[in-house]
Every structure is written in C-alpha cells, then in structure tokens.
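Q: Just passing along the structure, written as structure tokens.
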Amino acid sequence: MSARQRIDVGGAAPYAIHIGPGLLADGEALAAPLRGRQALLVSDSHVAPLHADAVRGALLAARPDARIDTFVLPAGEAAKTLAGFGDAIAALAALGATRDACVYALGGGVVGDLAGFAAACWMRGIDCVQLPTSLLAMVDSSVGGKTAVDLPLGKNLVGAFHPPRAVFADTAVLRSLPDRELRAGLAEVLKYGAIADAGFLDWLSGRAGALLEREDAALAGAIARSCAHKAAIVERDPFEHGERALLNFGHTFGHAIETAQAYDGLNHGEAVAVGMVLAARLSARLGHASEADADRLQAVLERFGLPVALPAGLDPDALLAHMRLDKKAQASGLRFVLWDGIGRARVVAGVPADAVLAVLRGA
Ligand SMILES: O=C(O)C(=O)C[C@@H](O)[C@H](O)[C@H](O)COP(=O)(O)O
Ligand SMILES: [Zn+2]
C-alpha cells in the first residue's frame, strides 16, 4: 500500500484521520494524543490476540511513564450492550483513570462504538482515539463521533456524540480481515456512492474484483474517498440536524433487521446492503426514482457478494414496529432516507406504513 494519507475533520473539535500501512506500530504517532498517564486499550476477543500486545508495546515504548490497561470484549454485535459498557466503565475505574486519561478503541465498529461511549461518559467525557481494524470501522464508524450500545429493543438506542481525538486506520491489518467483514465494510463504502457520488459507485463497481482481492491501490482509494465524504458531512452537521441523516441510507431497514435477529444474524454491513435495496425499492414505489435505479444498485451489491433480500422468516409487521423506534422517526411518524436516483439521497418524512409493508413483503 502506498504512502500515508491524512484527512482532517474540522469543526468545534477538529481531528485527523490517518490512513496507511504500519500505523499501529507507530508508537510516537499513537501516543501523541495521550495527555495524561493512563490509557485503556479496549478490544475484542478476535482482534486482541492479533494486535493488542503490539499496540500496547508501541504505546509504552513512546510513553514508558504511562499505565496502559487492556479490556477485551467478546467479539460480535451481541456484546455491544449496557452490560459491556458497564464492564468498560469498571475497567476505567480500576485504572483510576483521571480526566486526562485516554481510551484507545482497537477493533471494528462494535469496539469503537462501545469504547467511545465509555469515553464519552467517564467523568463526563475523556479522550478517545479510534484504531479501526475492520474496513467498516475505517470508512464509517470510527469517524464522526457517534458512540452507542444496543438495546434488545433497538440498535444504538443509548449513546452520545463524542468525536475522537484522532483516528489511525492501519490498512495493513485488512490483510487478515475475514472475507465476510471485508464485504460488510464495502457495503458502507458503496453507500457513499449511492447517496452522493454516482461516479464513485461506478468506480467501485469497476473495481469489485480488485477490492475483493484486497489490492492495495483499490482499497486505499476506496477508504480515502469514503473518509473524505464522511468527514465533509460530519464537519458540516456533527449532530445530525440535517444532511448527516443521509449517512443513514439503508439503516432504517437495516437496523430493524439486526434488531429482529437479536444482533446475531446479518452483520451491520450486510443488513445495510439489504436495507439500501429496500430503500431504493421504497423510493420507486413512492415515485421518487425508478425501479431501474434500484435494480442497478442491487446488481452492484450482488457483484460484491452482499445480500440484497430480506432473510427468510422475518415478520414485516415486527420489522415495522422496530422502525418506529428509529432515531430519525418523529412524533409525526416515520422518516426515511430515500433517493431521487443514484447519488441523490434525501430525507423523506411521512412515509406511509402500508408502502413500507408492501416493500417488506416484496409486493
Ligand atoms: O455516522 C452516521 O451518522 C451514520 O449514520 C453512519 C452509519 O453508517 C452508522 O451505522 C451509524 O452508527 C448509525 O447511526 P444511528 O444514528 O442510525 O444509530
Ligand atoms: Zn452503518
């Protein structure tokens, strides 16, 4: 993979996204945001055995005066719970973390969300550095400061906006990422094309083979362009008062699927892939866009080996009930991110429930 890249996220709490191979071994860079003398390295049972010792060693080499504890979650979305959050808080307490301590989130989206939320809450907020090790976390969840845990009732229902102090995306770790996780990350990459950048969707579609084969140049290009999209949007709208909601394309359906499957079925990226197709179908049903656009998106997602249809056995009425707890919903009813065609997403309020049910039933 080529040289390091840096993308700056501006606004009230600016930070940099560093992208490139070898970053997790760069103790000086990783330790630069550590203001105090305590750090909690949060990881999960899949990632910790691969990378935690090396990261801790790199940090200690740069900051031998620091105490660095490690807290390891069970791998998987099912661990992103209030109980897991409580355990992370207990680890901060055991560390005796002061306000200048720092949480390092080493892992995928689950680790980043939970560790970020613990950092947001401990003493009303301490620093968090995101060390994403999955493609999905590199291109999406490590950037923008959304932190949360899930409830059985719904995804990410308890959380806070807490921007990281820095993001270090070490692209070399993607070599050991399981194929299924790679494809899940590509779903969120494709989302940027779907919502705002038709040219990017074409670019990605033309490089499906290279991306799935993890060719360095293709992956580096996809990550940098995704992060640039996300950085621009969250810089303009950090708290999702407006356009940031576009990043939720496919998520109203997707989160409902994840919740209905008790976070143990499709993973997040897969659920978002299905959700994007359903959002495109709903857009067509409501007359905003054509079925041909939905077909095109579905074909691209299929090229990347992503699921595009509801898993069997899910009850449309139950999914609709989950959608009513979506964070975009208002007193006046459901709000969806739909599109007017590829690259042209927008938020639509007052979406009739019968249209949603018809799409869920494939009618
Ligand atoms: O950063 C955002 O804003 C997003 O919506 C990005 C999503 O891909 C991500 O899954 C996010 O965590 C979803 O947030 P939520 O508010 O729908 O829970
Ligand atoms: Zn997402």
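Ordered as shown in the structure tokens, chains take letters A, B, and onward, while each chain numbers its residues from 1 and ligands are numbered from 1 in the order shown.
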Find the spatial neighbours of Pro49 of chain A, counting only C-alpha atoms, within a cut-off of 12 Å - ignore same-chain residues fewer than 6 positions away - and output them as a ChimeraX atom specification.

A: /A:43,55-56,70,72-73,75,106-107

Q: Restrict the selected residues to C-alpha atoms and save them as a PDB file, in the first residue's frame.

A:
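The result, written out as selection_6.pdb:
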ATOM      1  CA  SER A  43     -10.516  -4.507  22.028  1.00  0.00           C
ATOM      2  CA  VAL A  55      -0.230  -1.663  20.083  1.00  0.00           C
ATOM      3  CA  ARG A  56       0.321  -1.654  23.819  1.00  0.00           C
ATOM      4  CA  THR A  70      -6.418  -3.717  28.387  1.00  0.00           C
ATOM      5  CA  VAL A  72     -11.363  -7.233  25.980  1.00  0.00           C
ATOM      6  CA  LEU A  73     -14.985  -7.679  24.914  1.00  0.00           C
ATOM      7  CA  ALA A  75     -16.380 -10.345  19.595  1.00  0.00           C
ATOM      8  CA  LEU A 106      -8.806  -1.149  18.829  1.00  0.00           C
ATOM      9  CA  GLY A 107     -11.248  -3.092  16.704  1.00  0.00           C
TER      10      GLY A 107
END

Q: Neighbours of Ala119 of chain A within 12 Å (only C-alpha atoms; same-chain residues fewer than 6 positions away dropped), as a VMD selection string?

A: chain A and resid 39 to 42 85 to 86 88 to 93 97 to 105 111 to 113 125 to 130 145 to 148 159 to 165

Q: List all protein, DNA and RNA residues that have any atom at most 10 Å from ligand 1, counting only C-alpha atoms and all ligand atoms, and write the list as number ranges by chain.

A: A: 109-110, 113, 136-137, 139-150, 154-161, 185, 187-189, 191-192, 230-231, 233-234, 237-240, 243-252, 254-255, 268-269, 272, 326-328

Q: Interatomic distance between atom CA of Arg35 of chain A and atom CA of Arg63 of chain A?

A: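 Spanning atom CA of Arg35 of chain A to atom CA of Arg63 of chain A is a straight-line distance of 10.6 Å.
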
Q: Go through A:Val300, A:Lys80, A:Cys227, A:His51 one by one, measure the shortest atom-to-atom distance of each to Gly206 of chain A using only C-alpha atoms, and give the residue with the smallest value.

A: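 Once distances to Gly206 of chain A are computed over only C-alpha atoms, the minimum belongs to A:Val300.
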
Q: Which one of A:Ala345, A:Leu219, A:Arg207, A:Gly108 sits closest to ligand 2 if you count only C-alpha atoms and all ligand atoms?

A: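 The closest residue to ligand 2 is A:Gly108.
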
Q: What separation in Å, quoted to one decimal, exists between atom CA of Pro21 of chain A and atom CA of Ala3 of chain A?

A: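 Atom-to-atom, atom CA of Pro21 of chain A and atom CA of Ala3 of chain A are spaced 7.8 Å apart.
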
Q: Would you give me, as a PyMOL selection string, the residues in segment 76-159 of chain A that DSSP reads as strand (DSSP E)?

A: chain A and resi 102-107+127-132+146-151+154-159

Q: For each of A:Ser290, A:Gln5, A:Ser283, A:Asn267, take the minimum atom-to-atom distance to ligand 2, counting only C-alpha atoms and all ligand atoms, then give the residue where this is smallest.

A: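 Ranking A:Ser290, A:Gln5, A:Ser283, A:Asn267 by distance to ligand 2, first place goes to A:Asn267.
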
Q: When you look at Asp264 of chain A with a cut-off of 9 Å (counting only C-alpha atoms), what residues show up, excluding the ones that are within fewer than 3 positions of it in the same chain? I need them as a list in words.

A: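 Here the answer would be Gly76, Glu77, Ala78, Glu258, Thr259, Gln261 and Asn267 of chain A.
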
Q: Those same residues - all heavy atoms - I'd like them written as a CSV table (one decimal), in the first residue's frame.

A:
chain,number,residue,atom,x,y,z
A,76,GLY,N,-18.3,-9.4,18.4
A,76,GLY,CA,-19.7,-9.5,17.8
A,76,GLY,C,-20.6,-8.5,18.4
A,76,GLY,O,-20.4,-8.0,19.5
A,77,GLU,N,-21.6,-8.1,17.5
A,77,GLU,CA,-22.5,-7.1,17.9
A,77,GLU,C,-23.3,-7.4,19.2
A,77,GLU,O,-23.7,-6.5,19.9
A,77,GLU,CB,-23.5,-6.9,16.7
A,77,GLU,CG,-24.5,-5.8,16.8
A,77,GLU,CD,-23.9,-4.4,16.5
A,77,GLU,OE1,-23.0,-4.3,15.7
A,77,GLU,OE2,-24.4,-3.4,17.2
A,78,ALA,N,-23.5,-8.7,19.4
A,78,ALA,CA,-24.3,-9.1,20.6
A,78,ALA,C,-23.6,-8.6,21.9
A,78,ALA,O,-24.2,-8.6,23.0
A,78,ALA,CB,-24.5,-10.6,20.7
A,258,GLU,N,-31.4,-6.1,12.0
A,258,GLU,CA,-30.4,-6.5,13.0
A,258,GLU,C,-31.1,-6.8,14.4
A,258,GLU,O,-30.8,-7.7,15.1
A,258,GLU,CB,-29.3,-5.5,13.2
A,258,GLU,CG,-28.3,-5.4,12.1
A,258,GLU,CD,-27.3,-4.3,12.4
A,258,GLU,OE1,-26.3,-4.5,13.1
A,258,GLU,OE2,-27.5,-3.1,11.9
A,259,THR,N,-32.0,-5.9,14.7
A,259,THR,CA,-32.8,-6.0,16.0
A,259,THR,C,-33.6,-7.2,16.0
A,259,THR,O,-33.6,-8.0,16.9
A,259,THR,CB,-33.6,-4.7,16.2
A,259,THR,OG1,-32.8,-3.6,16.1
A,259,THR,CG2,-34.3,-4.8,17.6
A,261,GLN,N,-33.2,-9.9,14.4
A,261,GLN,CA,-32.4,-11.1,14.5
A,261,GLN,C,-31.5,-11.1,15.8
A,261,GLN,O,-30.6,-11.9,15.9
A,261,GLN,CB,-31.4,-11.2,13.3
A,261,GLN,CG,-32.2,-11.4,12.0
A,261,GLN,CD,-31.3,-11.6,10.8
A,261,GLN,OE1,-30.2,-10.9,10.7
A,261,GLN,NE2,-31.6,-12.6,10.0
A,267,ASN,N,-24.7,-9.3,9.7
A,267,ASN,CA,-23.9,-8.3,10.4
A,267,ASN,C,-24.3,-6.9,9.9
A,267,ASN,O,-25.2,-6.8,9.0
A,267,ASN,CB,-22.4,-8.5,10.2
A,267,ASN,CG,-21.9,-8.4,8.8
A,267,ASN,OD1,-22.4,-7.6,8.0
A,267,ASN,ND2,-20.9,-9.2,8.4

Q: Restricting the calculation to only C-alpha atoms and all ligand atoms, which member of A:Ala222, A:Ala271, A:Leu182, A:Val9 is positioned closest to ligand 2?

A: A:Ala271

Q: Between atom CA of Leu360 of chain A and atom CA of Arg180 of chain A, what is the distance, to one decimal in Å?

A: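 Between atom CA of Leu360 of chain A and atom CA of Arg180 of chain A the gap works out to 24.5 Å.
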
Q: Neighbouring residues of Asp8 of chain A were defined as those with any atom within 9 Å, considering only C-alpha atoms; residues of the same chain fewer than 2 positions away were excluded. Please report them as a ChimeraX atom specification.

A: /A:6,10,14-18,228,231

Q: Suppose we keep N, CA and C atoms; can you now write the selection as an mmCIF file, in the first residue's frame?

A:
data_model
loop_
_atom_site.group_PDB
_atom_site.id
_atom_site.type_symbol
_atom_site.label_atom_id
_atom_site.label_comp_id
_atom_site.auth_asym_id
_atom_site.auth_seq_id
_atom_site.Cartn_x
_atom_site.Cartn_y
_atom_site.Cartn_z
ATOM 1 N N ARG A 6 -3.794 11.686 5.007
ATOM 2 C CA ARG A 6 -4.380 12.351 6.173
ATOM 3 C C ARG A 6 -5.600 13.133 5.712
ATOM 4 N N GLY A 10 -12.898 19.055 10.377
ATOM 5 C CA GLY A 10 -12.920 20.355 11.053
ATOM 6 C C GLY A 10 -14.113 20.481 11.980
ATOM 7 N N PRO A 14 -11.819 19.572 16.147
ATOM 8 C CA PRO A 14 -11.182 19.021 14.953
ATOM 9 C C PRO A 14 -10.250 17.848 15.272
ATOM 10 N N TYR A 15 -10.099 16.962 14.316
ATOM 11 C CA TYR A 15 -9.164 15.836 14.475
ATOM 12 C C TYR A 15 -8.762 15.341 13.101
ATOM 13 N N ALA A 16 -7.745 14.498 13.097
ATOM 14 C CA ALA A 16 -7.251 13.983 11.823
ATOM 15 C C ALA A 16 -7.535 12.490 11.720
ATOM 16 N N ILE A 17 -7.815 12.062 10.494
ATOM 17 C CA ILE A 17 -7.907 10.640 10.180
ATOM 18 C C ILE A 17 -6.614 10.297 9.446
ATOM 19 N N HIS A 18 -5.815 9.420 10.038
ATOM 20 C CA HIS A 18 -4.567 8.983 9.407
ATOM 21 C C HIS A 18 -4.819 7.619 8.784
ATOM 22 N N ALA A 228 -13.267 10.930 3.095
ATOM 23 C CA ALA A 228 -13.436 12.332 2.680
ATOM 24 C C ALA A 228 -14.916 12.690 2.648
ATOM 25 N N ALA A 231 -16.079 12.835 6.351
ATOM 26 C CA ALA A 231 -15.521 14.000 7.041
ATOM 27 C C ALA A 231 -16.260 15.272 6.642
#

Q: Would you list the contacts of Pro74 of chain A as a list in words, taking every protein, DNA or RNA residue within 9 Å and counting only C-alpha atoms, but skipping same-chain residues closer than 5 positions in sequence?

A: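 In the requested format, the answer is Ser43, Asp44, Ser45, His46, Ala79 and Gly84 of chain A.
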
Q: Keeping all heavy atoms, export the residues of the selection given above as a compact mmCIF listing (two decimals), in the first residue's frame.

A:
# COMPACT_ATOMS: atom_id res chain seq x y z
N SER A 43 -10.54 -3.71 23.26
CA SER A 43 -10.52 -4.51 22.03
C SER A 43 -11.51 -5.65 22.17
O SER A 43 -12.32 -5.67 23.11
CB SER A 43 -9.09 -5.01 21.76
OG SER A 43 -8.99 -5.52 20.45
N ASP A 44 -11.50 -6.58 21.22
CA ASP A 44 -12.40 -7.72 21.36
C ASP A 44 -11.63 -9.03 21.20
O ASP A 44 -10.43 -9.04 20.89
CB ASP A 44 -13.60 -7.62 20.40
CG ASP A 44 -13.25 -7.87 18.95
OD1 ASP A 44 -12.25 -8.57 18.66
OD2 ASP A 44 -13.97 -7.38 18.07
N SER A 45 -12.34 -10.13 21.41
CA SER A 45 -11.67 -11.43 21.51
C SER A 45 -11.11 -11.91 20.17
O SER A 45 -10.31 -12.84 20.15
CB SER A 45 -12.63 -12.47 22.10
OG SER A 45 -13.82 -12.52 21.33
N HIS A 46 -11.53 -11.29 19.06
CA HIS A 46 -10.92 -11.64 17.77
C HIS A 46 -9.69 -10.77 17.48
O HIS A 46 -8.68 -11.25 16.98
CB HIS A 46 -11.92 -11.48 16.62
CG HIS A 46 -12.94 -12.57 16.57
ND1 HIS A 46 -14.06 -12.52 15.77
CD2 HIS A 46 -13.02 -13.75 17.24
CE1 HIS A 46 -14.78 -13.62 15.95
NE2 HIS A 46 -14.17 -14.38 16.83
N ALA A 79 -22.34 -8.20 21.84
CA ALA A 79 -21.63 -7.72 23.04
C ALA A 79 -21.77 -6.21 23.23
O ALA A 79 -21.30 -5.67 24.25
CB ALA A 79 -20.15 -8.09 22.95
N GLY A 84 -21.85 -4.61 28.74
CA GLY A 84 -20.48 -4.45 28.24
C GLY A 84 -19.95 -3.05 28.52
O GLY A 84 -18.77 -2.87 28.89

Q: Using only C-alpha atoms and all ligand atoms, find the one residue out of A:Phe253, A:Trp122, A:Phe117, A:Phe71 that sits nearest to ligand 2.

A: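 Counting only C-alpha atoms and all ligand atoms, the residue closest to ligand 2 is A:Phe253.
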
Q: Looking at only C-alpha atoms, which of A:Gly287, A:Gly305, A:Gly57, A:Gly343 is the one that sits closest to Glu270 of chain A?

A: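 Distance minimum relative to Glu270 of chain A lands on A:Gly305.
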